[in-house]
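J.: Please find one structure pasted underneath; my questions will follow.
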Amino acid sequence: MKASALFHHQRFFTATRIPRTNLRCRTATSTVIMSLQENAPSIAVVGVTGAVGREFLSVLSDRGFPYRSIKMLASKRSAGKRLTFEDNEYDVEELTADSFDGVDIALFSAGGSISKKFGPIAVDRGSIVVDNSSAFRMDEDVPLVIPEVNPDAMAHIRLGNGKGALIANPNCSTIICLMAATPLHRRAKNVAVVATSMDVYLLFADCGQAQVVRMVVSTYQAASGAGAAAMEELELQTREVLEGKQPTCNIFKQQYAFNLFSHNAPVLPNGYNEEEMKLVKETRKIWSDKNVKVTATCIRVPVMRAHAESVNLQFEKPLDEVRAVSNLMILTQQSRVVSKVMKSSAAEILLHASFLLKKLHQFLVTVKIESADKAREILKNAPGVVVIDERQSNRFPTPLEVSNKNDVAVGRIRRDVSQDGNYGLDIFVCGDQIRKGAALNAIQIAEMLL
């Protein structure tokens, strides 16, 4: 891929400084409307000549990310190449221990071994490293972040105090899956307002999560997940097979064009491959739930750059059921009851509460909503998600449709008929592996530092 063809969506911005106080208040999905700035952070892109490294530059430009300087870093083999970024020419520099002097934010996508070697060096030099490899994802001291899902995990990290830090970008299949699954995992309950003729009680329902207790994922992963060389080989193989030639198999060691096969990650003693276990472990860390049950089967398919995933969710409580009042709390030291009680003793307050609980139990209302409709409503309001679920026209998400797009698309939203009581849901998810599955997520993390 030529550098000139890479930046076809460049934007140019005036040098208007947005106050830092406003920057701190941005949501995870907002865009920074400025680019080259004297007072902005300095950036380094490690692995800039790779597929994700190039996409880093594209997303930085598309979103007008503010920077005062940018370093293009790669291996010795790539050093000396010239890249054009926002009408400026840059020399690709060889990555060394001295590359991070004066660098505020370092975006890494050069493989786990490079991250393990140079990530800590960059941190020691005061850089905040956003790493796209698996090197630090399961380190308990390193936040694993999807900005729309768990931004609080990196709340303690600040730019500009001279302290370096590591932030891990989750695996692409995990990001795409959890962008759709998390809004369903976290649907909230209602708050009930109860009144009597004498007093007013604001009795809060227990606002716990309708959490997912089990998730089954089957992924259909694109060539881009294996890098630019894999994408080139898929294109080459397609031409060779159509011409009746023996396909060139350097990356996957078997024919990829017009074929699919189990993900090429090493298979572990438990029978799962590393890609599948990444999804299991990363989901538990991001959701802060060691008990959620996750299983995955990862398949490589001959698609260029967007992953698709079939996701089955099992909920602790039916998704289609909304209780008007549930688990009401009475006034104790641990409760969150807000009350207005005139001239009443503690005993009288408890008596009132007990009376209300008995009466309200008689009027407890359960509203039934079709689980797929409820899920569709939740997902339509989720940041970074677009719903494509047109049953009549049989139109649902496709990898081609989401390629080069920021949003994750969700469709085939339906109740799992194999489970009783509307406890299960099936969805189909597609997302651009290079963009939201890697580069965009990393840039969103960097934006949260501003």
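We name chains A, B, ... following the order of the structure tokens; residues begin at 1 in each chain, and ligands are numbered from 1 as shown.
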Quick one: DSSP alpha helix (DSSP H) residues in range 103-238 of chain A, as number ranges by chain?

T.: A: 112-124, 172-185, 228-238

J.: Take the residues from that selection and put them in a file with N, CA and C atoms, as a CSV table (one decimal), in the first residue's frame.

T.:
chain,number,residue,atom,x,y,z
A,112,GLY,N,4.5,-8.1,19.9
A,112,GLY,CA,4.8,-8.3,21.3
A,112,GLY,C,6.2,-8.2,21.7
A,113,SER,N,7.1,-8.7,21.0
A,113,SER,CA,8.5,-8.7,21.4
A,113,SER,C,9.1,-7.3,21.4
A,114,ILE,N,8.7,-6.5,20.4
A,114,ILE,CA,9.1,-5.1,20.4
A,114,ILE,C,8.5,-4.3,21.5
A,115,SER,N,7.3,-4.6,21.8
A,115,SER,CA,6.6,-3.9,22.9
A,115,SER,C,7.2,-4.2,24.3
A,116,LYS,N,7.5,-5.5,24.5
A,116,LYS,CA,8.2,-5.9,25.7
A,116,LYS,C,9.5,-5.3,25.9
A,117,LYS,N,10.3,-5.1,24.8
A,117,LYS,CA,11.6,-4.5,24.9
A,117,LYS,C,11.6,-3.0,25.1
A,118,PHE,N,10.8,-2.4,24.2
A,118,PHE,CA,10.8,-0.9,24.2
A,118,PHE,C,9.7,-0.2,24.9
A,119,GLY,N,8.7,-0.9,25.3
A,119,GLY,CA,7.6,-0.3,26.0
A,119,GLY,C,8.0,0.3,27.4
A,120,PRO,N,8.7,-0.6,28.2
A,120,PRO,CA,9.2,-0.1,29.5
A,120,PRO,C,10.2,1.0,29.3
A,121,ILE,N,11.0,1.0,28.3
A,121,ILE,CA,12.0,2.0,28.0
A,121,ILE,C,11.3,3.3,27.8
A,122,ALA,N,10.3,3.3,27.0
A,122,ALA,CA,9.5,4.5,26.7
A,122,ALA,C,8.9,5.1,28.0
A,123,VAL,N,8.3,4.2,28.8
A,123,VAL,CA,7.7,4.6,30.1
A,123,VAL,C,8.8,5.3,31.0
A,124,ASP,N,10.0,4.7,31.1
A,124,ASP,CA,11.0,5.3,31.9
A,124,ASP,C,11.4,6.7,31.4
A,172,CYS,N,-8.3,-7.3,18.8
A,172,CYS,CA,-9.4,-6.8,17.9
A,172,CYS,C,-10.7,-7.6,18.0
A,173,SER,N,-10.7,-8.9,18.2
A,173,SER,CA,-11.9,-9.6,18.3
A,173,SER,C,-12.6,-9.3,19.6
A,174,THR,N,-11.9,-9.0,20.7
A,174,THR,CA,-12.5,-8.6,21.9
A,174,THR,C,-13.1,-7.3,21.8
A,175,ILE,N,-12.5,-6.3,21.2
A,175,ILE,CA,-13.0,-5.0,21.1
A,175,ILE,C,-14.4,-5.0,20.3
A,176,ILE,N,-14.4,-5.7,19.2
A,176,ILE,CA,-15.6,-5.7,18.3
A,176,ILE,C,-16.7,-6.4,19.1
A,177,CYS,N,-16.4,-7.5,19.8
A,177,CYS,CA,-17.4,-8.3,20.5
A,177,CYS,C,-18.0,-7.4,21.6
A,178,LEU,N,-17.1,-6.8,22.5
A,178,LEU,CA,-17.6,-6.1,23.7
A,178,LEU,C,-18.3,-4.8,23.3
A,179,MET,N,-18.0,-4.2,22.2
A,179,MET,CA,-18.7,-3.0,21.8
A,179,MET,C,-20.2,-3.3,21.7
A,180,ALA,N,-20.6,-4.5,21.3
A,180,ALA,CA,-22.0,-4.8,21.2
A,180,ALA,C,-22.5,-5.5,22.4
A,181,ALA,N,-21.7,-6.3,23.1
A,181,ALA,CA,-22.2,-7.1,24.2
A,181,ALA,C,-22.3,-6.3,25.5
A,182,THR,N,-21.4,-5.3,25.7
A,182,THR,CA,-21.4,-4.5,26.9
A,182,THR,C,-22.7,-3.7,27.2
A,183,PRO,N,-23.2,-3.0,26.2
A,183,PRO,CA,-24.5,-2.3,26.5
A,183,PRO,C,-25.6,-3.2,27.0
A,184,LEU,N,-25.6,-4.4,26.5
A,184,LEU,CA,-26.6,-5.4,26.9
A,184,LEU,C,-26.3,-5.9,28.3
A,185,HIS,N,-25.0,-6.0,28.6
A,185,HIS,CA,-24.5,-6.5,29.9
A,185,HIS,C,-24.9,-5.5,31.0
A,228,ALA,N,-0.2,-6.6,7.1
A,228,ALA,CA,-0.2,-6.2,5.7
A,228,ALA,C,0.2,-7.3,4.8
A,229,ALA,N,1.2,-8.1,5.2
A,229,ALA,CA,1.7,-9.2,4.3
A,229,ALA,C,0.6,-10.3,4.1
A,230,ALA,N,-0.2,-10.6,5.1
A,230,ALA,CA,-1.3,-11.5,4.9
A,230,ALA,C,-2.3,-11.0,3.9
A,231,MET,N,-2.6,-9.7,4.0
A,231,MET,CA,-3.6,-9.1,3.1
A,231,MET,C,-3.0,-9.2,1.6
A,232,GLU,N,-1.8,-8.9,1.5
A,232,GLU,CA,-1.2,-9.0,0.1
A,232,GLU,C,-1.2,-10.4,-0.4
A,233,GLU,N,-0.9,-11.4,0.5
A,233,GLU,CA,-0.9,-12.8,0.1
A,233,GLU,C,-2.3,-13.3,-0.3
A,234,LEU,N,-3.4,-12.8,0.4
A,234,LEU,CA,-4.7,-13.2,0.0
A,234,LEU,C,-5.1,-12.7,-1.4
A,235,GLU,N,-4.7,-11.4,-1.7
A,235,GLU,CA,-4.9,-10.9,-3.0
A,235,GLU,C,-4.1,-11.7,-4.0
A,236,LEU,N,-2.9,-12.0,-3.7
A,236,LEU,CA,-2.0,-12.8,-4.7
A,236,LEU,C,-2.6,-14.2,-4.9
A,237,GLN,N,-3.0,-14.8,-3.8
A,237,GLN,CA,-3.6,-16.2,-3.9
A,237,GLN,C,-4.9,-16.2,-4.8
A,238,THR,N,-5.7,-15.2,-4.6
A,238,THR,CA,-6.9,-15.1,-5.3
A,238,THR,C,-6.7,-15.0,-6.8

J.: Contacts of range 69-79 of chain A at 7 Å or less, counting only C-alpha atoms, minus same-chain residues fewer than 5 places along, as a list in words?

T.: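 The filter keeps Ser42, Ile43, Ala44, Val45, Val46, Gly47, Val48, Thr49, Asp91, Val92, Glu93, Glu94 and Leu95 of chain A.
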
J.: Any chance you could export the current selection's all heavy atoms as a compact mmCIF listing (two decimals), in the first residue's frame?

T.:
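Once written, selection.txt looks like this:
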# COMPACT_ATOMS: atom_id res chain seq x y z
N SER A 42 3.74 15.66 22.00
CA SER A 42 4.57 15.05 20.96
C SER A 42 4.21 13.57 20.86
O SER A 42 3.93 12.92 21.86
CB SER A 42 6.05 15.22 21.28
OG SER A 42 6.35 14.65 22.55
N ILE A 43 4.23 13.04 19.66
CA ILE A 43 3.76 11.67 19.39
C ILE A 43 4.86 10.88 18.71
O ILE A 43 5.64 11.41 17.91
CB ILE A 43 2.51 11.69 18.49
CG1 ILE A 43 1.39 12.50 19.14
CG2 ILE A 43 2.01 10.29 18.20
CD1 ILE A 43 0.21 12.72 18.21
N ALA A 44 4.89 9.59 19.01
CA ALA A 44 5.73 8.66 18.26
C ALA A 44 4.84 7.49 17.83
O ALA A 44 4.02 7.01 18.62
CB ALA A 44 6.89 8.16 19.10
N VAL A 45 4.99 7.05 16.60
CA VAL A 45 4.26 5.89 16.08
C VAL A 45 5.28 4.79 15.83
O VAL A 45 6.15 4.91 14.97
CB VAL A 45 3.49 6.22 14.79
CG1 VAL A 45 2.77 4.97 14.28
CG2 VAL A 45 2.49 7.34 15.04
N VAL A 46 5.18 3.72 16.62
CA VAL A 46 6.12 2.60 16.52
C VAL A 46 5.49 1.51 15.65
O VAL A 46 4.38 1.05 15.92
CB VAL A 46 6.45 2.04 17.91
CG1 VAL A 46 7.40 0.85 17.80
CG2 VAL A 46 7.04 3.13 18.80
N GLY A 47 6.20 1.11 14.60
CA GLY A 47 5.63 0.16 13.64
C GLY A 47 4.85 0.90 12.57
O GLY A 47 3.84 0.39 12.07
N VAL A 48 5.32 2.08 12.19
CA VAL A 48 4.55 2.97 11.32
C VAL A 48 4.37 2.42 9.91
O VAL A 48 3.44 2.82 9.20
CB VAL A 48 5.21 4.37 11.29
CG1 VAL A 48 6.52 4.34 10.52
CG2 VAL A 48 4.25 5.41 10.74
N THR A 49 5.22 1.51 9.48
CA THR A 49 5.10 0.99 8.11
C THR A 49 4.18 -0.22 8.02
O THR A 49 3.91 -0.71 6.92
CB THR A 49 6.49 0.60 7.55
OG1 THR A 49 7.11 -0.35 8.43
CG2 THR A 49 7.38 1.83 7.42
N ASP A 91 10.94 11.26 7.49
CA ASP A 91 11.82 10.11 7.36
C ASP A 91 11.44 9.07 8.42
O ASP A 91 11.26 9.43 9.60
CB ASP A 91 13.29 10.51 7.56
CG ASP A 91 13.81 11.33 6.40
OD1 ASP A 91 13.46 11.03 5.25
OD2 ASP A 91 14.57 12.29 6.66
N VAL A 92 11.34 7.83 8.03
CA VAL A 92 11.14 6.75 8.99
C VAL A 92 12.46 6.51 9.71
O VAL A 92 13.49 6.29 9.07
CB VAL A 92 10.65 5.46 8.30
CG1 VAL A 92 10.54 4.32 9.31
CG2 VAL A 92 9.31 5.70 7.62
N GLU A 93 12.41 6.55 11.05
CA GLU A 93 13.62 6.39 11.84
C GLU A 93 13.68 4.99 12.44
O GLU A 93 12.65 4.38 12.74
CB GLU A 93 13.65 7.43 12.98
CG GLU A 93 13.55 8.87 12.54
CD GLU A 93 13.43 9.81 13.72
OE1 GLU A 93 14.00 9.51 14.79
OE2 GLU A 93 12.76 10.86 13.58
N GLU A 94 14.89 4.51 12.63
CA GLU A 94 15.06 3.21 13.28
C GLU A 94 14.71 3.33 14.77
O GLU A 94 15.12 4.27 15.46
CB GLU A 94 16.50 2.72 13.15
CG GLU A 94 16.73 1.37 13.81
CD GLU A 94 18.18 0.92 13.74
OE1 GLU A 94 19.00 1.62 13.10
OE2 GLU A 94 18.50 -0.14 14.35
N LEU A 95 13.95 2.39 15.26
CA LEU A 95 13.55 2.37 16.67
C LEU A 95 14.75 2.03 17.55
O LEU A 95 15.38 0.99 17.38
CB LEU A 95 12.44 1.34 16.87
CG LEU A 95 11.97 1.10 18.31
CD1 LEU A 95 11.34 2.35 18.90
CD2 LEU A 95 10.98 -0.07 18.35

J.: Here is a test: counting only C-alpha atoms, which residue of A:Tyr272, A:Phe315, A:Phe396, A:Phe108 is nearest to Thr295 in chain A?

T.: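 Answer, going by the shortest atom-to-atom distance: A:Tyr272.
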
J.: Using only C-alpha atoms for the distances, tell me which of A:Ser393, A:Thr283, A:Gln246, A:Asn406 is nearest to Ala439 in chain A.

T.: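 Result for the nearest residue to Ala439 in chain A: A:Asn406.
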
J.: Select, from A:Leu83, A:Ile413, A:Ala257, A:Ala372, the residue with the minimum atom-to-atom distance to Ser310 in chain A, counting only C-alpha atoms.

T.: A:Ile413

J.: Check which residues of range 61-141 of chain A sit at most 12 Å from range 153-157 of chain A using only C-alpha atoms, and return one row each with the closest pair of atoms and their distance in Å to one decimal, ordered by chain and rising number, as CSV.

T.:
residue,atom,partner,partner_atom,distance
A:Ile105,CA,A:Ile157,CA,11.9
A:Gly126,CA,A:Ile157,CA,12.0
A:Ser127,CA,A:Ile157,CA,11.3
A:Ile128,CA,A:Ile157,CA,8.5
A:Val129,CA,A:Ile157,CA,10.9
A:Val130,CA,A:Met154,CA,11.1
A:Glu140,CA,A:Ala153,CA,11.1
A:Asp141,CA,A:Ala153,CA,10.3

J.: Name all residues at most 10 Å from Ile388 in chain A (count only C-alpha atoms; drop same-chain ones fewer than 6 positions away) and give them as a PyMOL selection string.

T.: chain A and resi 376+380+394-398+409-413+428-429

J.: Taking only C-alpha atoms into account, which of A:Ile167, A:Val387, A:Cys430, A:Leu159 comes nearest Ala308 in chain A?

T.: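 When distances to Ala308 in chain A are compared using only C-alpha atoms, the smallest one comes from A:Cys430.
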
J.: Return the single residue from A:Val216, A:Leu242, A:Val267, A:Ala222 that is closest to Thr297 in chain A, with distances computed using only C-alpha atoms.

T.: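 Of A:Val216, A:Leu242, A:Val267, A:Ala222, the one nearest Thr297 in chain A, counting only C-alpha atoms, is A:Val216.
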
J.: Mind checking which residues fall within 8 Å of range 414-418 of chain A, counting only C-alpha atoms, ignoring those fewer than 6 positions away in the same chain, and posting them as an NGL selection string?

T.: :A and (312 or 371-372 or 424-427)

J.: Would you kindly return, as number ranges by chain, each protein, DNA or RNA residue with an atom no farther than 8 Å from any atom of Glu55 in chain A, considering only C-alpha atoms and excluding same-chain residues fewer than 3 positions away?

T.: A: 51-52, 58-59, 434-435, 439

J.: May I ask which of the residues A:Pro170, A:Gly225, A:Gly80, A:Pro147 is the closest one to Val280 in chain A, counting only C-alpha atoms?

T.: A:Pro170

J.: Could you state the separation of CA of Pro383 in chain A and CA of Glu148 in chain A in Å, given to one decimal place?

T.: 6.6 Å

J.: What separation in Å, quoted to one decimal, exists between CA of Phe136 in chain A and CA of Phe100 in chain A?

T.: 18.9 Å
